[in-house]
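Inspection log for the structure reproduced underneath, given as structure tokens.
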Amino acid sequence: MLLTDELSDLVGAAFAAEGFDPSFGAVRVSDRPDLAQFQCNGALSAAKEARLNPRAVGEKIAARLRANRIFQEITLAGPGFINLTLSDEALGARLDAVAADRRLGGWSAARPERIVLDYGGPNVAKPLHVGHLRSAIIGECLKRLFRFAGHEIIGDIHLGDWGLPMGQLITELKREQPGLPYFDASVSGPYPDQSPVSLEDLERLYPQASAACKADETRAAEARQATAELQAGRPGYRALWRHFIAVSRAAIEREYEDLGVTFDWWKGEADVDPLIAPMVEDLRARGVAVDDAGAVVVHVARDGDKKEYPPLILYKSDGGVMYGTTDLATIIDRRDSVHPDRILYVVDGRQRDHFEQVFRASDIAGIFPKDRLEHLWFGTMNGKDGKPFKTRAGGVLKLRDLIDMVEERAAARLKESGFAEGYGAEDAADVAHRIGLAALKFADLSNPRTSDYVFDLDRFMAFEGKTGPYLHYASVRVRSVLKKAEGAQAGSPGPVTLSAKEERDLALTLLQFGAAVKDAVEKRLPHYLCEHAFSLAQSFSKFYAACRISDESSPAIRASRLTLASAAGRQLDVILDILGMPAPDKM
RNA sequence: GACUCCGUAGCUCAGCUGGAUAGAGCACCCGCCUUCUAAGCGGGCGGUCGCAGGUUCGAGUCCUGCCGGGGUCGCCA
């Protein structure tokens, strides 16, 4: 049970005994740590409702609570704040429990759910760039977080492999190499096993094609035509398209692996292609989908909408499908294959209207209820001009290049520290990789998911202060001091007894882990966990600076501090694992 | 134009259902390595919370209007 919940129950019972609703007993960590550890503001709202004097109400509650020895001090302050401070014994006992817990006091969901998490969403033939960073990092973190909280979660990359870009690639390649058998409509195979394009070709062809289609309507029409033919099953195009996928996917896998991001499913939009025709047929038969201006659509507008929601287009007038079509069919596929309780999408916030359309269509069609489809949108990475980030050349920054830069910086810093000397070149590279990645990930995750933020290389490259490497450093120091204690035969960890302020603060921080997990899971906001990770590392660093551990002379205090240090280190490592940024052994 | 997100310290950002003196990191200044990793710790400097009204005992937080910025708005994803 969470400490604040335990306290809320106690205070709530006191409110109930005085004839108030127990919900007034909500306790939270104090805003004024100089005055108390916890506070309850319920006397103010209870008194307001009952038209009583808030201080008088607070005094009655406080009087009832003072009987409980869990509290060291209960005071009334200001207009009626109830300030609570726990006894060191109560704190120590709860900390012993956290230290003995395999999950270090982590919270778990009362009703575990089966959840499909849709994130990543890279497009075939496009190298990953900084725009893909957020979905991957936030999605991976949410996946691990939900799993930690006891949910069954299936991560699906949802590859973009079925839209217009495929037609653009086909037509672009046709211009370069018209003689390839894939383009001869009179041939229906077999086609060569060897791909006609390399990864480099794809990365060159796509931007070319995209630019050409933007500039020239004829080219755009050609691409649309090719897309429709591909989707209709033209054998040469399908064969070519399979090569595109194979070549591109190998590269995408490598990049995500470097990022420490792994998917349970590598499904793509194209995988639901066979479901589309029957789905649309069914929706038409039931009157959910209708013909409109040559297209087949689902009207999703509702009375009372503040804005106009255009219909979800299932078939374009040229017969091609759009990503809304595959998204809807994908819901059917997920529903029928694993019967999830919920489907979550970690996708850019600029697609909010799109998901609203898809979710409404799903609801209207009775495919999957809208309230169990959630678009966990994230904000845009902007440049210093406040607009979506572009490199100086106006292009996008490749993820690979960004990771390289950050790793290089970490390697240089590692060399300075001197701790790299004990490592071989390979291990040093691994440590630099971990540290660089942590800087990158923490900079992203510690921002609230829904905030836009300024893409700032200096921030990603920063290894001091509120950063990933700071968390690593704390973890490394715990490991180091515990190792030293072992070597010095300092004895084993023992019951926690608190005397120094830094010990008490660390204990209180450790006890907040459960609440942080709960908040992060329920609000789907990883930054709550980051906040906790940072205060934990900070509390430990202060404790470490103020208190001797391995060479503390009193055996009882030494044993207690070993427990504190070990619990802090293990809790921090659990969090670092959830955040997807495991610490190195040394740095 | 409609809708939507946002505007808090020099910079980048927190601030949970309205509550006590609005927090953190960076930057800047000062101090701390002859005992466990100084990627650290301690101290200092720094804010009319975009503007104007309103509701409230109490507003960064809720309501209205205005100013400024980002984003979206049927056959791209």
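Convention: chains lettered A, B, ... in structure tokens order; per-chain residue numbering from 1; ligands numbered from 1 as shown.
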
Give as a list of chain:residue names every residue of chain A that touches chain B within 6 Å, counting only C-alpha atoms (C1' of nucleotides). A:Lys307, A:Pro310, A:Lys316, A:Phe463, A:Glu464, A:Gly465, A:Lys466, A:Val481, A:Ala545

File of the preceding selection, all heavy atoms, as a CSV table (one decimal), in the first residue's frame:
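The file below, again.csv, is the result:
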chain,number,residue,atom,x,y,z
A,307,LYS,N,-15.8,21.6,-33.5
A,307,LYS,CA,-15.2,21.8,-34.8
A,307,LYS,C,-15.7,20.8,-35.7
A,307,LYS,O,-16.4,19.8,-35.3
A,307,LYS,CB,-13.7,21.6,-34.6
A,307,LYS,CG,-13.2,20.2,-34.3
A,307,LYS,CD,-11.7,20.2,-34.3
A,307,LYS,CE,-11.2,20.4,-35.7
A,307,LYS,NZ,-9.7,20.4,-35.7
A,310,PRO,N,-14.2,16.0,-40.5
A,310,PRO,CA,-14.5,15.5,-41.8
A,310,PRO,C,-14.6,14.0,-41.7
A,310,PRO,O,-14.2,13.4,-40.7
A,310,PRO,CB,-13.2,15.8,-42.6
A,310,PRO,CG,-12.2,16.2,-41.6
A,310,PRO,CD,-12.9,16.6,-40.4
A,316,LYS,N,-10.4,6.0,-51.4
A,316,LYS,CA,-10.4,7.2,-52.1
A,316,LYS,C,-11.1,7.0,-53.4
A,316,LYS,O,-11.4,5.9,-53.8
A,316,LYS,CB,-8.9,7.6,-52.4
A,316,LYS,CG,-8.1,7.8,-51.2
A,316,LYS,CD,-6.7,8.3,-51.5
A,316,LYS,CE,-5.8,7.2,-52.1
A,316,LYS,NZ,-4.4,7.7,-52.3
A,463,PHE,N,25.8,16.5,-19.3
A,463,PHE,CA,25.9,15.4,-18.4
A,463,PHE,C,25.9,15.8,-16.9
A,463,PHE,O,26.2,15.0,-16.1
A,463,PHE,CB,27.2,14.6,-18.7
A,463,PHE,CG,27.3,14.1,-20.1
A,463,PHE,CD1,28.5,13.9,-20.7
A,463,PHE,CD2,26.1,13.7,-20.8
A,463,PHE,CE1,28.6,13.3,-22.0
A,463,PHE,CE2,26.2,13.2,-22.1
A,463,PHE,CZ,27.4,13.0,-22.7
A,464,GLU,N,25.6,17.1,-16.7
A,464,GLU,CA,25.5,17.5,-15.3
A,464,GLU,C,24.1,18.0,-15.0
A,464,GLU,O,23.4,18.4,-15.8
A,464,GLU,CB,26.5,18.7,-15.1
A,464,GLU,CG,27.9,18.3,-14.8
A,464,GLU,CD,28.8,18.5,-16.0
A,464,GLU,OE1,28.6,19.4,-16.8
A,464,GLU,OE2,29.7,17.6,-16.3
A,465,GLY,N,23.8,18.0,-13.7
A,465,GLY,CA,22.5,18.5,-13.3
A,465,GLY,C,21.4,17.4,-13.5
A,465,GLY,O,21.7,16.2,-13.4
A,466,LYS,N,20.2,17.9,-13.9
A,466,LYS,CA,19.1,17.0,-14.1
A,466,LYS,C,19.1,16.2,-15.4
A,466,LYS,O,18.5,16.6,-16.3
A,466,LYS,CB,17.8,17.8,-14.0
A,466,LYS,CG,16.6,17.0,-13.8
A,466,LYS,CD,15.4,17.9,-13.5
A,466,LYS,CE,14.1,17.1,-13.3
A,466,LYS,NZ,13.0,18.0,-13.0
A,481,VAL,N,30.2,2.0,-3.5
A,481,VAL,CA,30.3,2.0,-2.0
A,481,VAL,C,29.9,0.7,-1.4
A,481,VAL,O,30.5,0.2,-0.4
A,481,VAL,CB,29.5,3.2,-1.4
A,481,VAL,CG1,28.0,2.9,-1.5
A,481,VAL,CG2,29.9,3.4,0.0
A,545,ALA,N,27.0,12.4,0.6
A,545,ALA,CA,27.9,13.5,0.9
A,545,ALA,C,28.0,13.7,2.4
A,545,ALA,O,29.0,14.1,3.0
A,545,ALA,CB,27.5,14.8,0.2

Exercise: region 219-235 of chain A partners within 6 Å, only C-alpha atoms (C1' of nucleotides), chain neighbours under 4 positions left out, as a ChimeraX atom specification: /A:164,167-168,171,188,213,320

Those residues you just picked out, can you put them in a file as a PDB file, in the first residue's frame with N, CA, C and O atoms?
ATOM      1  N   LEU A 164       0.953   5.914 -49.872  1.00  0.00           N
ATOM      2  CA  LEU A 164       1.453   6.600 -51.058  1.00  0.00           C
ATOM      3  C   LEU A 164       2.975   6.536 -51.231  1.00  0.00           C
ATOM      4  O   LEU A 164       3.472   6.432 -52.354  1.00  0.00           O
ATOM      5  N   GLY A 167       4.009   3.885 -53.591  1.00  0.00           N
ATOM      6  CA  GLY A 167       3.779   4.203 -54.998  1.00  0.00           C
ATOM      7  C   GLY A 167       4.795   5.202 -55.508  1.00  0.00           C
ATOM      8  O   GLY A 167       5.253   5.125 -56.659  1.00  0.00           O
ATOM      9  N   GLN A 168       5.183   6.119 -54.648  1.00  0.00           N
ATOM     10  CA  GLN A 168       6.187   7.115 -55.038  1.00  0.00           C
ATOM     11  C   GLN A 168       7.515   6.436 -55.333  1.00  0.00           C
ATOM     12  O   GLN A 168       8.193   6.771 -56.306  1.00  0.00           O
ATOM     13  N   THR A 171       7.317   4.464 -58.716  1.00  0.00           N
ATOM     14  CA  THR A 171       7.388   5.291 -59.927  1.00  0.00           C
ATOM     15  C   THR A 171       8.767   5.941 -60.086  1.00  0.00           C
ATOM     16  O   THR A 171       9.265   6.090 -61.194  1.00  0.00           O
ATOM     17  N   SER A 188       4.239 -11.783 -65.207  1.00  0.00           N
ATOM     18  CA  SER A 188       3.634 -11.937 -63.877  1.00  0.00           C
ATOM     19  C   SER A 188       4.540 -12.768 -62.980  1.00  0.00           C
ATOM     20  O   SER A 188       4.097 -13.448 -62.076  1.00  0.00           O
ATOM     21  N   CYS A 213       6.886  14.721 -56.552  1.00  0.00           N
ATOM     22  CA  CYS A 213       5.428  14.692 -56.480  1.00  0.00           C
ATOM     23  C   CYS A 213       4.865  16.006 -55.970  1.00  0.00           C
ATOM     24  O   CYS A 213       3.767  16.410 -56.335  1.00  0.00           O
ATOM     25  N   GLY A 320      -7.799   3.671 -53.979  1.00  0.00           N
ATOM     26  CA  GLY A 320      -6.744   3.407 -52.998  1.00  0.00           C
ATOM     27  C   GLY A 320      -7.262   3.574 -51.578  1.00  0.00           C
ATOM     28  O   GLY A 320      -8.303   4.194 -51.355  1.00  0.00           O
TER      29      GLY A 320
END

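What separates CA of Ile61 (chain A) from CA of Leu84 (chain A) is a distance of 11.6 Å.
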
DSSP on the backbone: which residues in region 407-510 of chain A end up as helix (DSSP H, G or I)? Give the answer as a PyMOL selection string. chain A and resi 407-417+419-422+425-445+457-461+468-487+501-510

Within 8 Å of region 524-529 of chain A, counting only C-alpha atoms (C1' of nucleotides), which residues show up once you throw out same-chain ones fewer than 6 positions away? Write them as a VMD selection string, please. chain A and resid 138 141 to 142 376 445 to 449 516 to 517 575

Those residues you just picked out, can you put them in a file as a PDB file, in the first residue's frame with C-alpha atoms?
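Output saved as out.pdb:
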ATOM      1  CA  ILE A 138       8.095   7.333 -24.852  1.00  0.00           C
ATOM      2  CA  CYS A 141       9.125   3.526 -21.558  1.00  0.00           C
ATOM      3  CA  LEU A 142       5.351   3.178 -21.304  1.00  0.00           C
ATOM      4  CA  LEU A 376      -1.235   9.140 -26.114  1.00  0.00           C
ATOM      5  CA  LEU A 445      11.219  11.584 -21.049  1.00  0.00           C
ATOM      6  CA  SER A 446      11.617  14.155 -18.309  1.00  0.00           C
ATOM      7  CA  ASN A 447       9.564  16.571 -20.360  1.00  0.00           C
ATOM      8  CA  PRO A 448       5.854  15.997 -19.974  1.00  0.00           C
ATOM      9  CA  ARG A 449       4.680  13.882 -22.854  1.00  0.00           C
ATOM     10  CA  ALA A 516       5.293   7.953  -8.766  1.00  0.00           C
ATOM     11  CA  VAL A 517       4.640   4.675 -10.579  1.00  0.00           C
ATOM     12  CA  ILE A 575      13.596   2.861 -12.580  1.00  0.00           C
TER      13      ILE A 575
END

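What separates CA of Gln39 (chain A) from CA of Ser560 (chain A) is a distance of 27.4 Å.
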
For region 414-419 of chain A, please output as a PyMOL selection string all residues within 12 Å (counting only C-alpha atoms (C1' of nucleotides); exclusion window: fewer than 3 positions along the same chain). (chain A and resi 407-411+422-425+427-436+463+469+473+476+584-587) or (chain B and resi 37-39)

Using only C-alpha atoms (C1' of nucleotides), which residues sit within 8 Å of Pro79 (chain A) once same-chain residues fewer than 3 positions away are excluded, as an NGL selection string? :A and (44 or 54-55)

Include N, CA and C atoms and write out the residues we just selected as a PDB file, in the first residue's frame.
ATOM      1  N   LEU A  44     -10.040  22.526   5.286  1.00  0.00           N
ATOM      2  CA  LEU A  44     -10.496  23.760   4.633  1.00  0.00           C
ATOM      3  C   LEU A  44     -11.754  23.507   3.822  1.00  0.00           C
ATOM      4  N   PRO A  54     -12.566  26.548   9.775  1.00  0.00           N
ATOM      5  CA  PRO A  54     -11.614  25.520   9.335  1.00  0.00           C
ATOM      6  C   PRO A  54     -10.602  25.128  10.397  1.00  0.00           C
ATOM      7  N   ARG A  55     -10.147  26.073  11.174  1.00  0.00           N
ATOM      8  CA  ARG A  55      -9.159  25.733  12.209  1.00  0.00           C
ATOM      9  C   ARG A  55      -9.770  24.835  13.281  1.00  0.00           C
TER      10      ARG A  55
END

Can you list, as a JSON list (two decimals) with C-alpha atoms, in the first residue's frame, all residues belonging to region 310-557 of chain A that DSSP tags as strand (DSSP E)?
[["chain", "number", "residue", "atom", "x", "y", "z"],
["A", 312, "LEU", "CA", -13.00, 9.07, -42.36],
["A", 313, "ILE", "CA", -12.16, 8.03, -45.90],
["A", 314, "LEU", "CA", -11.96, 4.28, -46.41],
["A", 315, "TYR", "CA", -11.57, 4.22, -50.18],
["A", 342, "ARG", "CA", -7.25, -1.49, -24.48],
["A", 343, "ILE", "CA", -5.23, -0.16, -27.40],
["A", 344, "LEU", "CA", -2.82, 2.73, -26.88],
["A", 345, "TYR", "CA", -1.19, 4.81, -29.60],
["A", 373, "LEU", "CA", -8.75, 3.47, -27.53],
["A", 374, "GLU", "CA", -6.33, 6.12, -26.37],
["A", 375, "HIS", "CA", -4.17, 8.42, -28.41],
["A", 381, "MET", "CA", 10.27, 18.88, -31.14],
["A", 382, "ASN", "CA", 10.81, 22.41, -32.22],
["A", 453, "TYR", "CA", 9.92, 21.34, -26.54],
["A", 454, "VAL", "CA", 12.87, 23.01, -28.08]]

Show me, as a PyMOL selection string, the residues that have an atom within 7 Å of Ser108 (chain A) when counting only C-alpha atoms (C1' of nucleotides), minus same-chain residues fewer than 2 positions from it. chain A and resi 106+110+149-150

For the residues in the current selection, export C-alpha atoms as a short mmCIF file (atom, residue, chain, number, x, y, z; two decimals), in the first residue's frame.
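The file below, out-v5.cif, is the result:
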data_model
loop_
_atom_site.label_atom_id
_atom_site.label_comp_id
_atom_site.auth_asym_id
_atom_site.auth_seq_id
_atom_site.Cartn_x
_atom_site.Cartn_y
_atom_site.Cartn_z
CA GLY A 106 6.59 -0.21 -6.71
CA ALA A 110 -5.42 -3.72 -9.11
CA ALA A 149 2.75 -2.38 -13.01
CA GLY A 150 1.50 -5.85 -13.86
#
